[in-house]
Amino acid sequence: MMVRTRSADETRAVAAALGALLEAGDVVLLVGDLGAGKTTFAQGVARGLGVREPVTSPTFTIVQEYRGRVPVAHVDVYRLDRLQELHDLGLDEHYDERVTLVEWGEAVARALPPEHAVVRLEAAGGDDERLVTVETRGTRWRRRRAAIEDALAPFGGRGGEN
């Protein structure tokens with residue numbers, strides 16, 4: 001599924017629509033170049049999950065946790081040198097209890113649950129224009145595919161094979 005956003009606020013709105021559908025146990029990888037909007041997207045997802053506090057980049061803290069209708073762990077693995085460091089954080093002990101958002105998730109995908117969503121963010125024209133692609137992997141996501149497509153439709157979302 002693909003959406004083109006024209007501002008950071010619109011990117012957050014798309015993310016909030018997705019966030020409203022997320023459940024405890026969901027893992028979402030946020031993929032894109034530096035400055036592509038991964039933290040902006042995480043802010044929107046958190047809003048969709050009912051998080052009221054400001055969501056900031058966890059680049060230096062590695063993990064930020066937030067309270068919403070479902071707890072949220074916002075993880076940035078950019079500074080990790082080894083996969084073992086991800087395990088040392090103990091994230092895998094809490095996947096079932098919260099939504100986990102992983103910035104730079106492609107770098108650690110093999111250490112994450114096989115059932116996850118991948119959100120790719122790419123610059124697309126103007127300063128804040130982004131191409132947002134949502135891919136889903138596994139049965140827990142497959143059963144919600146139609147709901148995700150419906151949530152993205154108001155933003156011009158287009159389906160596609162995943």
# chains A, B, ... in the order shown; residues from 1 in each chain; ligands from 1
>>> select_by_dssp(residues="chain A", states="strand (DSSP E or B)", output="number ranges by chain")
A: 2-5, 27-31, 63-66, 72-76, 99-103, 116-123, 130-137, 158
>>> residues_around(residues="segment 34-47 of chain A", least_positions_apart="3", cutoff="8 Å", atoms="only C-alpha atoms", output="PyMOL selection string")
chain A and resi 8+11-20+30-31+50-52+54-57+68+72+74+101+103+121-123+130
>>> write_last_selection(atoms="C-alpha atoms", output="mmCIF file, in the first residue's frame")
data_model
loop_
_atom_site.group_PDB
_atom_site.id
_atom_site.type_symbol
_atom_site.label_atom_id
_atom_site.label_comp_id
_atom_site.auth_asym_id
_atom_site.auth_seq_id
_atom_site.Cartn_x
_atom_site.Cartn_y
_atom_site.Cartn_z
ATOM 1 C CA ALA A 8 4.908 16.474 7.910
ATOM 2 C CA THR A 11 2.599 12.127 7.201
ATOM 3 C CA ARG A 12 1.592 12.154 10.886
ATOM 4 C CA ALA A 13 -2.090 11.858 9.912
ATOM 5 C CA VAL A 14 -1.400 8.802 7.724
ATOM 6 C CA ALA A 15 0.595 7.291 10.580
ATOM 7 C CA ALA A 16 -2.187 8.050 13.094
ATOM 8 C CA ALA A 17 -4.669 6.229 10.841
ATOM 9 C CA LEU A 18 -2.385 3.189 10.873
ATOM 10 C CA GLY A 19 -1.698 3.575 14.603
ATOM 11 C CA ALA A 20 -5.405 3.422 15.379
ATOM 12 C CA LEU A 30 10.427 2.255 9.992
ATOM 13 C CA VAL A 31 12.769 2.321 7.017
ATOM 14 C CA GLY A 50 -3.574 7.682 22.230
ATOM 15 C CA VAL A 51 -0.133 8.856 23.365
ATOM 16 C CA ARG A 52 -0.472 12.433 24.613
ATOM 17 C CA PRO A 54 5.629 14.540 22.920
ATOM 18 C CA VAL A 55 7.340 11.784 20.966
ATOM 19 C CA THR A 56 11.003 12.455 20.280
ATOM 20 C CA SER A 57 13.756 10.615 18.474
ATOM 21 C CA GLY A 68 -1.336 5.000 25.178
ATOM 22 C CA VAL A 72 4.489 1.931 22.800
ATOM 23 C CA HIS A 74 9.953 3.574 20.079
ATOM 24 C CA LEU A 101 8.295 0.858 16.425
ATOM 25 C CA GLU A 103 13.637 3.059 13.301
ATOM 26 C CA LEU A 121 9.534 6.530 3.799
ATOM 27 C CA GLU A 122 11.152 8.242 0.830
ATOM 28 C CA ALA A 123 11.571 11.879 -0.127
ATOM 29 C CA ARG A 130 7.044 11.710 1.207
#
>>> closest_residue(among="A:Arg144, A:Arg6, A:Arg98, A:Arg69", to="Leu131 of chain A", atoms="only C-alpha atoms")
A:Arg6
>>> atom_distance(atom1="atom CA of Val132 of chain A", atom2="atom CA of Ser7 of chain A")
11.9 Å
>>> atom_distance(atom1="atom CA of Arg145 of chain A", atom2="atom CA of Pro58 of chain A")
28.8 Å
>>> select_by_dssp(residues="segment 15-155 of chain A", states="helix (DSSP H, G or I)", output="count of residues only")
49
>>> residues_around(residues="Val3 of chain A", least_positions_apart="2", cutoff="8 Å", atoms="only C-alpha atoms", output="mmCIF file with C-alpha atoms, in the first residue's frame")
data_model
loop_
_atom_site.group_PDB
_atom_site.id
_atom_site.type_symbol
_atom_site.label_atom_id
_atom_site.label_comp_id
_atom_site.auth_asym_id
_atom_site.auth_seq_id
_atom_site.Cartn_x
_atom_site.Cartn_y
_atom_site.Cartn_z
ATOM 1 C CA MET A 1 0.000 0.000 0.000
ATOM 2 C CA THR A 5 2.052 12.908 1.672
ATOM 3 C CA LEU A 131 6.184 8.455 -0.458
ATOM 4 C CA VAL A 132 4.975 6.117 2.304
ATOM 5 C CA THR A 133 4.785 2.401 1.517
ATOM 6 C CA LEU A 152 -5.119 4.768 4.043
ATOM 7 C CA PHE A 155 -4.987 9.771 1.777
ATOM 8 C CA GLY A 156 -4.981 8.278 -1.712
ATOM 9 C CA GLY A 157 -3.642 4.911 -0.548
ATOM 10 C CA ARG A 158 -3.199 2.311 -3.256
#
>>> residues_around(residues="Val28 of chain A", least_positions_apart="3", cutoff="10 Å", atoms="only C-alpha atoms", output="PyMOL selection string")
chain A and resi 22+25+31+42+45+74+99-103+105+112+115-119+134-136
>>> write_last_selection(atoms="N, CA and C atoms", output="PDB file, in the first residue's frame")
ATOM      1  N   LEU A  22      -3.379  -0.558  15.312  1.00  0.00           N
ATOM      2  CA  LEU A  22      -2.357  -1.416  15.895  1.00  0.00           C
ATOM      3  C   LEU A  22      -2.802  -2.031  17.210  1.00  0.00           C
ATOM      4  N   GLY A  25       1.619  -6.417  20.586  1.00  0.00           N
ATOM      5  CA  GLY A  25       2.308  -7.473  19.861  1.00  0.00           C
ATOM      6  C   GLY A  25       2.734  -7.074  18.468  1.00  0.00           C
ATOM      7  N   VAL A  31      11.617   2.416   7.900  1.00  0.00           N
ATOM      8  CA  VAL A  31      12.769   2.321   7.017  1.00  0.00           C
ATOM      9  C   VAL A  31      12.836   3.568   6.143  1.00  0.00           C
ATOM     10  N   ALA A  42       6.561   7.964  13.470  1.00  0.00           N
ATOM     11  CA  ALA A  42       6.382   7.412  14.821  1.00  0.00           C
ATOM     12  C   ALA A  42       5.507   8.327  15.670  1.00  0.00           C
ATOM     13  N   VAL A  45       1.916   7.586  14.614  1.00  0.00           N
ATOM     14  CA  VAL A  45       1.472   6.285  15.127  1.00  0.00           C
ATOM     15  C   VAL A  45       1.133   6.409  16.609  1.00  0.00           C
ATOM     16  N   HIS A  74       9.388   2.946  21.271  1.00  0.00           N
ATOM     17  CA  HIS A  74       9.953   3.574  20.079  1.00  0.00           C
ATOM     18  C   HIS A  74      11.460   3.367  20.153  1.00  0.00           C
ATOM     19  N   VAL A  99       3.127  -2.159  21.358  1.00  0.00           N
ATOM     20  CA  VAL A  99       3.478  -1.911  19.968  1.00  0.00           C
ATOM     21  C   VAL A  99       4.938  -1.473  19.968  1.00  0.00           C
ATOM     22  N   THR A 100       5.725  -2.046  19.082  1.00  0.00           N
ATOM     23  CA  THR A 100       7.139  -1.708  18.995  1.00  0.00           C
ATOM     24  C   THR A 100       7.417  -1.085  17.630  1.00  0.00           C
ATOM     25  N   LEU A 101       7.907   0.144  17.641  1.00  0.00           N
ATOM     26  CA  LEU A 101       8.295   0.858  16.425  1.00  0.00           C
ATOM     27  C   LEU A 101       9.816   0.874  16.374  1.00  0.00           C
ATOM     28  N   VAL A 102      10.401   0.404  15.271  1.00  0.00           N
ATOM     29  CA  VAL A 102      11.853   0.283  15.186  1.00  0.00           C
ATOM     30  C   VAL A 102      12.372   1.116  14.017  1.00  0.00           C
ATOM     31  N   GLU A 103      12.992   2.256  14.331  1.00  0.00           N
ATOM     32  CA  GLU A 103      13.637   3.059  13.301  1.00  0.00           C
ATOM     33  C   GLU A 103      14.908   2.359  12.859  1.00  0.00           C
ATOM     34  N   GLY A 105      14.869  -0.221  11.119  1.00  0.00           N
ATOM     35  CA  GLY A 105      14.534  -1.612  11.377  1.00  0.00           C
ATOM     36  C   GLY A 105      15.108  -2.609  10.396  1.00  0.00           C
ATOM     37  N   LEU A 112      14.096  -9.660  14.638  1.00  0.00           N
ATOM     38  CA  LEU A 112      12.751  -9.267  15.050  1.00  0.00           C
ATOM     39  C   LEU A 112      11.755 -10.362  14.691  1.00  0.00           C
ATOM     40  N   GLU A 115       6.639 -11.851  11.846  1.00  0.00           N
ATOM     41  CA  GLU A 115       5.389 -11.157  11.535  1.00  0.00           C
ATOM     42  C   GLU A 115       5.543  -9.707  11.955  1.00  0.00           C
ATOM     43  N   HIS A 116       5.614  -8.829  10.961  1.00  0.00           N
ATOM     44  CA  HIS A 116       5.774  -7.408  11.244  1.00  0.00           C
ATOM     45  C   HIS A 116       5.325  -6.614  10.022  1.00  0.00           C
ATOM     46  N   ALA A 117       5.235  -5.322  10.209  1.00  0.00           N
ATOM     47  CA  ALA A 117       4.962  -4.422   9.090  1.00  0.00           C
ATOM     48  C   ALA A 117       6.225  -3.625   8.821  1.00  0.00           C
ATOM     49  N   VAL A 118       6.412  -3.257   7.575  1.00  0.00           N
ATOM     50  CA  VAL A 118       7.524  -2.400   7.178  1.00  0.00           C
ATOM     51  C   VAL A 118       6.923  -1.146   6.563  1.00  0.00           C
ATOM     52  N   VAL A 119       7.289   0.003   7.122  1.00  0.00           N
ATOM     53  CA  VAL A 119       6.872   1.288   6.566  1.00  0.00           C
ATOM     54  C   VAL A 119       8.115   1.932   5.970  1.00  0.00           C
ATOM     55  N   VAL A 134       3.541   0.827   2.873  1.00  0.00           N
ATOM     56  CA  VAL A 134       3.310  -0.080   3.994  1.00  0.00           C
ATOM     57  C   VAL A 134       3.259  -1.501   3.449  1.00  0.00           C
ATOM     58  N   GLU A 135       4.158  -2.341   3.949  1.00  0.00           N
ATOM     59  CA  GLU A 135       4.191  -3.758   3.594  1.00  0.00           C
ATOM     60  C   GLU A 135       3.888  -4.550   4.856  1.00  0.00           C
ATOM     61  N   THR A 136       3.127  -5.609   4.704  1.00  0.00           N
ATOM     62  CA  THR A 136       2.800  -6.444   5.861  1.00  0.00           C
ATOM     63  C   THR A 136       3.319  -7.856   5.642  1.00  0.00           C
TER      64      THR A 136
END
>>> closest_residue(among="A:Thr61, A:Val77, A:Ala146, A:Ala153", to="Ala111 of chain A", atoms="only C-alpha atoms")
A:Val77
>>> closest_residue(among="A:Pro114, A:Gly138, A:Gly126, A:Gly32", to="Tyr78 of chain A", atoms="only C-alpha atoms")
A:Gly32
>>> atom_distance(atom1="atom CA of Thr59 of chain A", atom2="atom CA of Asp76 of chain A")
5.4 Å
